$ cat upload.csv   # CSV, C-alpha atoms
chain,number,residue,atom,x,y,z
A,267,MET,CA,-21.3,88.6,-30.1
A,268,LYS,CA,-24.8,87.1,-29.9
A,269,GLN,CA,-23.7,84.2,-32.1
A,270,LEU,CA,-20.6,83.5,-30.0
A,271,LEU,CA,-22.8,83.5,-27.0
A,272,LEU,CA,-25.1,81.0,-28.7
A,273,VAL,CA,-22.3,78.7,-29.6
A,274,CYS,CA,-21.0,78.8,-26.0
A,275,THR,CA,-24.4,78.2,-24.5
A,276,PHE,CA,-24.8,75.3,-26.9
A,277,LEU,CA,-21.5,73.8,-25.9
A,278,ILE,CA,-22.0,74.2,-22.2
A,279,SER,CA,-25.5,72.8,-22.2
A,280,GLY,CA,-24.2,69.9,-24.2
A,281,LEU,CA,-21.6,69.2,-21.5
A,282,ALA,CA,-24.1,69.6,-18.7
A,283,PHE,CA,-26.4,67.0,-20.5
A,284,ALA,CA,-23.5,64.6,-20.8
A,285,GLN,CA,-22.9,64.8,-17.1
A,286,GLU,CA,-26.5,64.4,-16.0
A,287,SER,CA,-27.9,61.6,-18.2
A,288,PRO,CA,-27.2,58.0,-17.1
A,289,ARG,CA,-24.1,56.9,-18.9
A,290,GLN,CA,-24.3,54.5,-21.8
A,291,HIS,CA,-21.1,52.5,-21.3
A,292,ARG,CA,-19.4,51.0,-24.4
A,293,ILE,CA,-16.7,48.5,-23.4
A,294,ILE,CA,-14.3,46.5,-25.5
A,295,MET,CA,-12.7,43.6,-23.6
A,296,GLN,CA,-9.7,41.6,-24.8
A,297,LEU,CA,-9.2,38.0,-23.8
A,298,THR,CA,-5.8,36.4,-24.7
A,299,SER,CA,-5.5,33.8,-22.0
A,300,GLY,CA,-6.3,30.1,-22.4
A,301,ASP,CA,-6.4,29.6,-18.6
A,302,THR,CA,-9.7,28.1,-17.6
A,303,LEU,CA,-9.5,29.9,-14.2
A,304,VAL,CA,-9.4,33.2,-16.2
A,305,HIS,CA,-12.4,32.0,-18.3
A,306,LYS,CA,-14.4,31.3,-15.1
A,307,GLY,CA,-13.4,34.6,-13.6
A,308,LEU,CA,-14.4,36.4,-16.7
A,309,MET,CA,-17.9,34.9,-16.5
A,310,ARG,CA,-18.3,36.2,-13.0
A,311,GLN,CA,-17.1,39.6,-14.1
A,312,LEU,CA,-19.6,39.7,-16.9
A,313,ASN,CA,-22.3,38.9,-14.4
A,314,ASN,CA,-21.3,41.8,-12.2
A,315,MET,CA,-21.0,44.1,-15.1
A,316,LYS,CA,-24.5,43.2,-16.4
A,317,GLU,CA,-25.9,43.9,-12.9
A,318,ALA,CA,-24.1,47.2,-12.5
A,319,ALA,CA,-24.8,48.5,-16.0
A,320,PRO,CA,-27.6,46.5,-17.7
A,321,ASN,CA,-27.6,48.8,-20.7
A,322,MET,CA,-23.9,48.7,-21.5
A,323,GLN,CA,-22.7,47.7,-25.0
A,324,LEU,CA,-20.0,45.0,-24.4
A,325,GLU,CA,-17.8,43.2,-26.9
A,326,VAL,CA,-15.3,40.5,-25.8
A,327,VAL,CA,-12.6,39.9,-28.4
A,328,CYS,CA,-10.9,36.5,-28.1
A,329,HIS,CA,-7.6,35.9,-29.8
A,330,GLY,CA,-4.4,33.9,-29.3
A,331,PRO,CA,-4.9,31.3,-26.6
A,332,GLY,CA,-8.1,33.2,-25.6
A,333,MET,CA,-9.9,31.7,-28.5
A,334,ASP,CA,-10.3,28.5,-26.4
A,335,LEU,CA,-13.2,30.3,-24.7
A,336,LEU,CA,-15.1,30.1,-28.0
A,337,MET,CA,-14.2,26.6,-29.2
A,338,SER,CA,-16.9,24.0,-28.6
A,339,ASP,CA,-14.3,21.3,-27.9
A,340,ARG,CA,-12.3,23.4,-25.5
A,341,SER,CA,-14.5,25.9,-23.7
A,342,ILE,CA,-15.5,25.0,-20.2
A,343,VAL,CA,-18.0,27.9,-20.1
A,344,ALA,CA,-19.8,27.4,-23.5
A,345,GLY,CA,-23.2,27.4,-21.8
A,346,LYS,CA,-22.5,30.7,-20.0
A,347,VAL,CA,-21.2,32.2,-23.3
A,348,LYS,CA,-24.5,31.3,-25.0
A,349,GLU,CA,-26.4,32.8,-22.1
A,350,PHE,CA,-24.6,36.1,-22.2
A,351,ALA,CA,-24.8,36.2,-26.0
A,352,ASP,CA,-28.5,35.8,-25.7
A,353,ASN,CA,-28.5,38.8,-23.3
A,354,GLY,CA,-26.7,41.2,-25.6
A,355,VAL,CA,-23.0,40.5,-25.0
A,356,THR,CA,-21.0,40.2,-28.2
A,357,PHE,CA,-18.2,37.6,-28.4
A,358,LEU,CA,-15.8,38.0,-31.3
A,359,ALA,CA,-13.5,35.3,-32.7
A,360,CYS,CA,-10.2,36.4,-34.3
A,361,ASP,CA,-9.9,34.8,-37.8
A,362,ASN,CA,-6.1,35.3,-37.8
A,363,THR,CA,-5.9,33.1,-34.7
A,364,ILE,CA,-8.2,30.4,-36.2
A,365,ARG,CA,-5.9,30.2,-39.2
A,366,GLU,CA,-2.6,30.3,-37.3
A,367,ARG,CA,-3.6,27.9,-34.6
A,368,GLN,CA,-5.3,25.7,-37.2
A,369,LEU,CA,-8.5,25.6,-35.3
A,370,ASP,CA,-11.6,24.0,-36.9
A,371,PRO,CA,-13.9,26.9,-37.9
A,372,ALA,CA,-16.9,24.5,-37.6
A,373,LYS,CA,-16.1,24.2,-33.9
A,374,VAL,CA,-16.3,27.9,-33.1
A,375,LEU,CA,-19.4,28.5,-31.0
A,376,PRO,CA,-22.4,29.7,-33.2
A,377,ASP,CA,-22.9,32.5,-30.7
A,378,ALA,CA,-19.7,34.2,-31.7
A,379,GLY,CA,-19.2,36.8,-34.3
A,380,HIS,CA,-15.9,37.2,-36.3
A,381,VAL,CA,-13.3,39.8,-36.8
A,382,LYS,CA,-10.3,39.6,-39.1
A,383,ALA,CA,-7.7,40.9,-36.8
A,384,GLY,CA,-8.5,41.0,-33.1
A,385,ILE,CA,-6.2,43.8,-32.0
A,386,ILE,CA,-7.1,46.1,-34.9
A,387,HIS,CA,-10.7,45.8,-34.0
A,388,ILE,CA,-10.0,46.7,-30.4
A,389,VAL,CA,-8.0,49.7,-31.6
A,390,GLU,CA,-10.9,50.9,-33.8
A,391,ARG,CA,-13.3,50.6,-30.9
A,392,GLN,CA,-11.0,52.8,-28.8
A,393,GLU,CA,-10.8,55.3,-31.6
A,394,ASP,CA,-14.6,55.4,-31.5
A,395,GLY,CA,-14.6,56.2,-27.8
A,396,TRP,CA,-15.1,52.7,-26.3
A,397,SER,CA,-13.3,51.9,-23.0
A,398,TYR,CA,-10.8,49.1,-23.1
A,399,ILE,CA,-10.4,46.4,-20.5
A,400,LYS,CA,-7.8,43.7,-20.7
A,401,ALA,CA,-9.2,40.5,-19.1
A,402,GLY,CA,-7.1,38.1,-17.1
A,403,PHE,CA,-4.9,38.2,-14.0
B,122,MET,CA,-17.1,87.0,-39.5
B,123,LYS,CA,-15.6,88.7,-36.5
B,124,GLN,CA,-17.4,86.2,-34.2
B,125,LEU,CA,-16.2,83.3,-36.2
B,126,LEU,CA,-12.7,84.6,-35.9
B,127,LEU,CA,-13.2,85.0,-32.1
B,128,VAL,CA,-14.4,81.4,-31.7
B,129,CYS,CA,-11.5,80.1,-33.8
B,130,THR,CA,-8.9,82.2,-31.9
B,131,PHE,CA,-10.4,80.9,-28.6
B,132,LEU,CA,-10.2,77.3,-29.8
B,133,ILE,CA,-6.7,77.6,-31.1
B,134,SER,CA,-5.3,79.4,-28.1
B,135,GLY,CA,-7.0,76.7,-26.0
B,136,LEU,CA,-5.2,74.0,-27.9
B,137,ALA,CA,-1.8,75.9,-27.7
B,138,PHE,CA,-2.3,76.2,-23.9
B,139,ALA,CA,-3.0,72.4,-23.6
B,140,GLN,CA,0.3,71.7,-25.4
B,141,GLU,CA,2.5,74.1,-23.4
B,142,SER,CA,1.3,73.7,-19.8
B,143,PRO,CA,2.8,70.8,-17.9
B,144,ARG,CA,0.4,67.9,-18.2
B,145,GLN,CA,-1.8,66.9,-15.4
B,146,HIS,CA,-1.9,63.1,-15.7
B,147,ARG,CA,-5.0,61.2,-14.6
B,148,ILE,CA,-4.2,57.5,-14.4
B,149,ILE,CA,-6.5,54.5,-13.6
B,150,MET,CA,-4.6,51.3,-12.9
B,151,GLN,CA,-6.2,47.9,-12.6
B,152,LEU,CA,-4.6,45.2,-10.5
B,153,THR,CA,-6.2,41.7,-10.9
B,154,SER,CA,-3.1,39.6,-10.0
B,155,GLY,CA,-2.6,38.0,-6.6
B,156,ASP,CA,1.1,37.3,-7.4
B,157,THR,CA,3.3,38.9,-4.7
B,158,LEU,CA,6.0,39.5,-7.3
B,159,VAL,CA,3.5,41.6,-9.2
B,160,HIS,CA,2.6,43.4,-6.0
B,161,LYS,CA,6.3,44.2,-5.3
B,162,GLY,CA,6.8,45.3,-8.9
B,163,LEU,CA,3.8,47.6,-8.7
B,164,MET,CA,5.2,49.3,-5.7
B,165,ARG,CA,8.4,50.0,-7.7
B,166,GLN,CA,6.4,51.3,-10.6
B,167,LEU,CA,4.4,53.7,-8.3
B,168,ASN,CA,7.7,55.0,-7.0
B,169,ASN,CA,8.9,55.7,-10.5
B,170,MET,CA,5.6,57.3,-11.5
B,171,LYS,CA,5.6,59.6,-8.5
B,172,GLU,CA,9.1,60.7,-9.3
B,173,ALA,CA,8.4,61.3,-13.0
B,174,ALA,CA,5.0,63.0,-12.4
B,175,PRO,CA,4.6,64.2,-8.8
B,176,ASN,CA,1.3,65.9,-9.5
B,177,MET,CA,-0.5,63.1,-11.3
B,178,GLN,CA,-3.9,61.8,-10.1
B,179,LEU,CA,-3.6,58.0,-9.6
B,180,GLU,CA,-6.1,55.4,-8.7
B,181,VAL,CA,-5.3,51.7,-8.3
B,182,VAL,CA,-8.4,49.5,-8.5
B,183,CYS,CA,-7.9,46.1,-7.0
B,184,HIS,CA,-10.3,43.3,-7.8
B,185,GLY,CA,-10.3,39.5,-8.2
B,186,PRO,CA,-7.1,38.0,-6.8
B,187,GLY,CA,-5.7,41.5,-6.9
B,188,MET,CA,-7.7,42.3,-3.7
B,189,ASP,CA,-4.9,40.5,-1.8
B,190,LEU,CA,-2.8,43.7,-2.1
B,191,LEU,CA,-5.4,45.5,0.2
B,192,MET,CA,-6.0,42.7,2.8
B,193,SER,CA,-4.1,43.2,6.1
B,194,ASP,CA,-3.7,39.4,6.5
B,195,ARG,CA,-2.5,38.8,2.9
B,196,SER,CA,-0.7,41.9,1.6
B,197,ILE,CA,3.1,41.8,1.7
B,198,VAL,CA,3.3,45.5,0.9
B,199,ALA,CA,0.8,47.0,3.4
B,200,GLY,CA,3.4,49.4,4.7
B,201,LYS,CA,4.1,50.7,1.2
B,202,VAL,CA,0.4,51.0,0.4
B,203,LYS,CA,-0.1,53.2,3.5
B,204,GLU,CA,2.9,55.3,2.5
B,205,PHE,CA,1.6,55.9,-1.1
B,206,ALA,CA,-2.0,56.5,0.2
B,207,ASP,CA,-0.5,59.2,2.5
B,208,ASN,CA,1.1,60.7,-0.6
B,209,GLY,CA,-2.0,61.0,-2.6
B,210,VAL,CA,-2.4,57.7,-4.4
B,211,THR,CA,-5.9,56.3,-4.1
B,212,PHE,CA,-6.3,52.5,-3.7
B,213,LEU,CA,-9.8,51.1,-4.3
B,214,ALA,CA,-11.2,47.8,-3.1
B,215,CYS,CA,-13.9,46.1,-5.2
B,216,ASP,CA,-17.0,45.3,-3.1
B,217,ASN,CA,-18.1,42.6,-5.5
B,218,THR,CA,-14.8,40.8,-5.0
B,219,ILE,CA,-15.0,41.1,-1.2
B,220,ARG,CA,-18.5,39.4,-1.3
B,221,GLU,CA,-17.6,36.7,-3.9
B,222,ARG,CA,-14.3,35.8,-2.3
B,223,GLN,CA,-15.9,36.0,1.1
B,224,LEU,CA,-13.1,38.3,2.4
B,225,ASP,CA,-13.5,39.8,5.8
B,226,PRO,CA,-14.3,43.5,5.2
B,227,ALA,CA,-12.7,44.4,8.6
B,228,LYS,CA,-9.4,43.2,7.2
B,229,VAL,CA,-9.4,45.6,4.2
B,230,LEU,CA,-6.6,48.1,4.8
B,231,PRO,CA,-8.0,51.3,6.3
B,232,ASP,CA,-6.1,53.2,3.6
B,233,ALA,CA,-8.3,51.8,0.8
B,234,GLY,CA,-11.5,53.4,-0.6
B,235,HIS,CA,-14.3,51.3,-2.0
B,236,VAL,CA,-16.1,50.9,-5.3
B,237,LYS,CA,-19.1,48.6,-6.0
B,238,ALA,CA,-17.9,47.1,-9.3
B,239,GLY,CA,-14.2,47.5,-10.1
B,240,ILE,CA,-14.4,47.3,-13.9
B,241,ILE,CA,-17.3,49.7,-14.2
B,242,HIS,CA,-15.4,52.2,-12.2
B,243,ILE,CA,-12.4,51.8,-14.5
B,244,VAL,CA,-14.7,52.3,-17.5
B,245,GLU,CA,-16.2,55.5,-16.1
B,246,ARG,CA,-12.7,56.9,-15.5
B,247,GLN,CA,-11.8,56.2,-19.1
B,248,GLU,CA,-15.0,57.9,-20.2
B,249,ASP,CA,-13.8,61.0,-18.2
B,250,GLY,CA,-10.5,61.0,-20.1
B,251,TRP,CA,-8.3,59.1,-17.6
B,252,SER,CA,-5.5,56.9,-19.1
B,253,TYR,CA,-5.8,53.2,-18.3
B,254,ILE,CA,-2.9,50.9,-17.3
B,255,LYS,CA,-3.3,47.2,-16.6
B,256,ALA,CA,-0.8,46.2,-13.9
B,257,GLY,CA,1.0,42.8,-13.9
B,258,PHE,CA,3.2,40.9,-16.2
C,97,MET,CA,-26.6,83.6,-37.6
C,98,LYS,CA,-24.6,83.1,-40.7
C,99,GLN,CA,-21.4,82.7,-38.7
C,100,LEU,CA,-23.0,80.1,-36.4
C,101,LEU,CA,-24.1,78.2,-39.5
C,102,LEU,CA,-20.5,78.4,-40.8
C,103,VAL,CA,-19.1,77.1,-37.6
C,104,CYS,CA,-21.5,74.2,-37.5
C,105,THR,CA,-21.0,73.4,-41.2
C,106,PHE,CA,-17.2,73.3,-40.5
C,107,LEU,CA,-17.6,71.0,-37.5
C,108,ILE,CA,-20.0,68.7,-39.2
C,109,SER,CA,-17.9,68.4,-42.4
C,110,GLY,CA,-14.9,67.7,-40.2
C,111,LEU,CA,-16.7,64.8,-38.5
C,112,ALA,CA,-17.9,63.4,-41.9
C,113,PHE,CA,-14.3,63.5,-43.2
C,114,ALA,CA,-13.1,61.7,-40.1
C,115,GLN,CA,-15.6,58.9,-40.8
C,116,GLU,CA,-14.9,58.5,-44.5
C,117,SER,CA,-11.1,58.7,-44.8
C,118,PRO,CA,-9.2,55.5,-44.1
C,119,ARG,CA,-8.2,55.5,-40.5
C,120,GLN,CA,-4.6,56.3,-39.4
C,121,HIS,CA,-4.2,54.0,-36.4
C,122,ARG,CA,-1.9,55.1,-33.6
C,123,ILE,CA,-1.2,52.3,-31.2
C,124,ILE,CA,0.8,52.2,-28.0
C,125,MET,CA,1.6,48.6,-26.8
C,126,GLN,CA,2.9,47.7,-23.4
C,127,LEU,CA,5.1,44.6,-22.9
C,128,THR,CA,5.9,43.7,-19.3
C,129,SER,CA,6.3,40.0,-19.6
C,130,GLY,CA,9.6,38.2,-19.9
C,131,ASP,CA,8.0,35.0,-21.1
C,132,THR,CA,9.5,33.9,-24.4
C,133,LEU,CA,6.2,32.4,-25.5
C,134,VAL,CA,4.7,35.9,-25.1
C,135,HIS,CA,7.6,37.4,-27.1
C,136,LYS,CA,7.0,34.9,-30.0
C,137,GLY,CA,3.3,35.6,-29.9
C,138,LEU,CA,3.9,39.3,-30.0
C,139,MET,CA,5.9,39.0,-33.2
C,140,ARG,CA,3.1,37.1,-34.8
C,141,GLN,CA,0.7,39.8,-33.7
C,142,LEU,CA,2.9,42.5,-35.1
C,143,ASN,CA,2.9,40.6,-38.4
C,144,ASN,CA,-0.9,40.5,-38.5
C,145,MET,CA,-1.2,44.1,-37.5
C,146,LYS,CA,1.2,45.2,-40.2
C,147,GLU,CA,-0.8,43.3,-42.7
C,148,ALA,CA,-4.2,44.6,-41.6
C,149,ALA,CA,-3.0,48.2,-41.2
C,150,PRO,CA,0.2,48.9,-43.1
C,151,ASN,CA,0.1,52.6,-42.3
C,152,MET,CA,-0.4,52.5,-38.6
C,153,GLN,CA,1.9,54.2,-36.2
C,154,LEU,CA,3.0,51.6,-33.6
C,155,GLU,CA,5.2,51.9,-30.5
C,156,VAL,CA,6.0,49.0,-28.2
C,157,VAL,CA,7.1,50.0,-24.8
C,158,CYS,CA,9.1,47.3,-22.9
C,159,HIS,CA,9.6,47.6,-19.2
C,160,GLY,CA,10.0,45.3,-16.2
C,161,PRO,CA,10.7,41.7,-17.3
C,162,GLY,CA,9.5,42.8,-20.7
C,163,MET,CA,12.9,44.5,-21.3
C,164,ASP,CA,14.3,41.0,-22.1
C,165,LEU,CA,12.8,41.5,-25.6
C,166,LEU,CA,15.3,44.2,-26.3
C,167,MET,CA,18.4,42.8,-24.6
C,168,SER,CA,20.9,41.2,-27.1
C,169,ASP,CA,21.9,38.5,-24.6
C,170,ARG,CA,18.3,37.6,-23.7
C,171,SER,CA,16.0,38.2,-26.6
C,172,ILE,CA,15.0,35.2,-28.7
C,173,VAL,CA,13.4,37.4,-31.4
C,174,ALA,CA,16.2,40.0,-31.9
C,175,GLY,CA,16.2,39.4,-35.6
C,176,LYS,CA,12.5,40.0,-35.9
C,177,VAL,CA,12.7,43.1,-33.8
C,178,LYS,CA,15.3,44.5,-36.2
C,179,GLU,CA,13.1,43.6,-39.1
C,180,PHE,CA,10.0,45.4,-37.6
C,181,ALA,CA,12.1,48.4,-36.6
C,182,ASP,CA,13.3,48.7,-40.2
C,183,ASN,CA,9.7,48.6,-41.2
C,184,GLY,CA,8.6,51.5,-39.0
C,185,VAL,CA,7.7,49.9,-35.7
C,186,THR,CA,9.2,51.8,-32.8
C,187,PHE,CA,10.5,49.7,-29.8
C,188,LEU,CA,11.2,51.7,-26.6
C,189,ALA,CA,13.4,50.6,-23.7
C,190,CYS,CA,12.5,51.9,-20.2
C,191,ASP,CA,15.6,53.5,-18.6
C,192,ASN,CA,14.1,53.1,-15.1
C,193,THR,CA,14.0,49.3,-15.7
C,194,ILE,CA,17.6,49.2,-17.1
C,195,ARG,CA,18.8,51.0,-13.9
C,196,GLU,CA,16.7,48.9,-11.5
C,197,ARG,CA,17.4,45.5,-13.1
C,198,GLN,CA,21.1,46.6,-13.5
C,199,LEU,CA,21.0,45.6,-17.2
C,200,ASP,CA,24.0,46.5,-19.3
C,201,PRO,CA,22.9,49.5,-21.5
C,202,ALA,CA,25.5,48.4,-24.1
C,203,LYS,CA,23.4,45.3,-24.6
C,204,VAL,CA,20.2,47.0,-25.5
C,205,LEU,CA,19.4,46.3,-29.1
C,206,PRO,CA,20.5,49.3,-31.3
C,207,ASP,CA,17.1,49.2,-32.9
C,208,ALA,CA,15.4,50.4,-29.7
C,209,GLY,CA,14.7,53.9,-28.7
C,210,HIS,CA,14.6,55.0,-25.0
C,211,VAL,CA,12.0,56.5,-22.6
C,212,LYS,CA,12.7,57.5,-19.0
C,213,ALA,CA,9.6,56.0,-17.5
C,214,GLY,CA,7.7,53.5,-19.5
C,215,ILE,CA,4.3,53.9,-18.0
C,216,ILE,CA,4.3,57.7,-18.1
C,217,HIS,CA,5.1,57.5,-21.8
C,218,ILE,CA,2.2,55.2,-22.3
C,219,VAL,CA,-0.1,57.6,-20.4
C,220,GLU,CA,1.0,60.6,-22.5
C,221,ARG,CA,0.3,58.7,-25.7
C,222,GLN,CA,-3.2,57.9,-24.5
C,223,GLU,CA,-3.6,61.6,-23.7
C,224,ASP,CA,-2.7,62.3,-27.3
C,225,GLY,CA,-5.4,59.9,-28.5
C,226,TRP,CA,-3.4,56.8,-29.2
C,227,SER,CA,-5.1,53.4,-28.5
C,228,TYR,CA,-3.6,51.3,-25.8
C,229,ILE,CA,-3.0,47.5,-26.0
C,230,LYS,CA,-1.4,45.5,-23.2
C,231,ALA,CA,0.6,42.6,-24.7
C,232,GLY,CA,0.7,39.2,-23.1
C,233,PHE,CA,-1.7,36.5,-22.1
$ encode --input "upload.csv" --output "structure tokens"
Amino acid sequence: MKQLLLVCTFLISGLAFAQESPRQHRIIMQLTSGDTLVHKGLMRQLNNMKEAAPNMQLEVVCHGPGMDLLMSDRSIVAGKVKEFADNGVTFLACDNTIRERQLDPAKVLPDAGHVKAGIIHIVERQEDGWSYIKAGF
Amino acid sequence: MKQLLLVCTFLISGLAFAQESPRQHRIIMQLTSGDTLVHKGLMRQLNNMKEAAPNMQLEVVCHGPGMDLLMSDRSIVAGKVKEFADNGVTFLACDNTIRERQLDPAKVLPDAGHVKAGIIHIVERQEDGWSYIKAGF
Amino acid sequence: MKQLLLVCTFLISGLAFAQESPRQHRIIMQLTSGDTLVHKGLMRQLNNMKEAAPNMQLEVVCHGPGMDLLMSDRSIVAGKVKEFADNGVTFLACDNTIRERQLDPAKVLPDAGHVKAGIIHIVERQEDGWSYIKAGF
């Protein structure tokens, strides 16, 4: 009985701790839109999120038309992307998209990381407990 | 050994109960679109959801262009919003959006609650186990 | 104390196993767009996903304008849908949408399954631990 009590105490105190400590958000965003208004809006949102939760972990996966955000010859917010990347936001380019859209890999912003398949990466992050946000209107 | 058995029995019966009892859905919806067709479609969806799951907890976070749903001078479904709010649906206005779009706070529908940063609220709900649905086409 | 140790060992080895075994993805996709460019893009995505994760469980819920994907007289990718369905992808038609849009049930592709309320089905899958992806740009 004592052991059962111990296990329960352990579980309950664990839960209490989870409630009380400041939350460490882990957020996986998906950008599929090539609309420059969406790209500008996303930059504003990242600003707000950084302000509200400075310690969050944030990854932005760009695929399909959304890859334009990360192409040096197409992005209208390349400067902002660099700024956020320098401040801990991770931007990820989808290699499947680069191949299918025949984009020039040399023109992908140097601030971006790479994933093989954008959606599968988003799925794996959700499996690890990250929260999913689809960008765009 | 008896204690271990007890713990396992407790865990297993807990799982069985979770399967058998009618589910209490908790749903966090995100509206970012200002398109009035999307707003009308959303009202139809809320109707269907209320019918299929009368006891669900439902919050609709409006931000970006989606804030139009909750502005008395812009919303084409203000009557419906009031009706759903009276029936337990929570609509939440994003204060960051109000400030950035320089919307008049006095014109936000009185049926709406407020959150500071829409996306962070959606993330926290997901962390608490709510299911996320992005509205719009 | 021995029992407590046993419980902990059991829990920890369970976690280790979850980390090491290849992941069995369970993915619930939502299609609400009637845009044929979105439908073509979705077919490309399903291809990529099948290649990256051949053993995933995948359901695509079509509702609202997204039901066009599954209507024999509207879909521009009916052949592809059949092909994916034959390879284990589940397409689900929303009966609420069929009724509201007064679509002819006889024209729904025979490869599609049915759900009563699309969004509630997506919510229940998330409750069961499936990862959610919203299709479209």
$ closest_residue --input "upload.csv" --among "A:Thr302, A:Gln290, A:Asn314, A:Ser338" --to "chain B" --atoms "all atoms listed in the file"
A:Asn314
$ closest_atom_pairs --input "upload.csv" --of "chain C" --to "chain B" --cutoff "6 Å" --atoms "only C-alpha atoms" --output "tab-separated table"
residue	atom	partner	partner_atom	distance
C:Gln99	CA	B:Leu125	CA	5.8
C:Thr128	CA	B:Phe258	CA	5.0
C:Ser129	CA	B:Phe258	CA	4.7
C:Val219	CA	B:Ser252	CA	5.6
C:Gln222	CA	B:Ser252	CA	6.0
$ residues_around --input "upload.csv" --residues "Ala351 in chain A" --least-positions-apart "6" --cutoff "9 Å" --atoms "all atoms listed in the file" --output "PDB file with C-alpha atoms, in the coordinates of the input"
ATOM      1  CA  PHE A 357     -18.200  37.600 -28.400  1.00  0.00           C
ATOM      2  CA  ASP A 377     -22.900  32.500 -30.700  1.00  0.00           C
ATOM      3  CA  ALA A 378     -19.700  34.200 -31.700  1.00  0.00           C
TER       4      ALA A 378
END
$ atom_distance --input "upload.csv" --atom1 "CA of Gly239 in chain B" --atom2 "CA of Cys215 in chain B"
5.1 Å
$ residues_around --input "upload.csv" --residues "Val181 in chain B" --least-positions-apart "6" --cutoff "7 Å" --atoms "all atoms listed in the file" --output "PyMOL selection string"
chain B and resi 149-152+211-213
$ atom_distance --input "upload.csv" --atom1 "CA of Leu165 in chain C" --atom2 "CA of Arg195 in chain C"
16.2 Å
$ closest_residue --input "upload.csv" --among "A:Thr363, A:Pro288, A:Ala383, A:Leu303" --to "Met337 in chain A" --atoms "all atoms listed in the file"
A:Thr363
$ atom_distance --input "upload.csv" --atom1 "CA of Asp225 in chain B" --atom2 "CA of Gly209 in chain B"
25.5 Å
$ closest_residue --input "upload.csv" --among "C:Asp131, C:Glu220, C:Asp191, C:Asp182" --to "Gly162 in chain C" --atoms "only C-alpha atoms"
C:Asp131
$ closest_residue --input "upload.csv" --among "B:Met164, B:Gly155, B:Asp194, B:Asn176" --to "Pro226 in chain B" --atoms "all atoms listed in the file"
B:Asp194
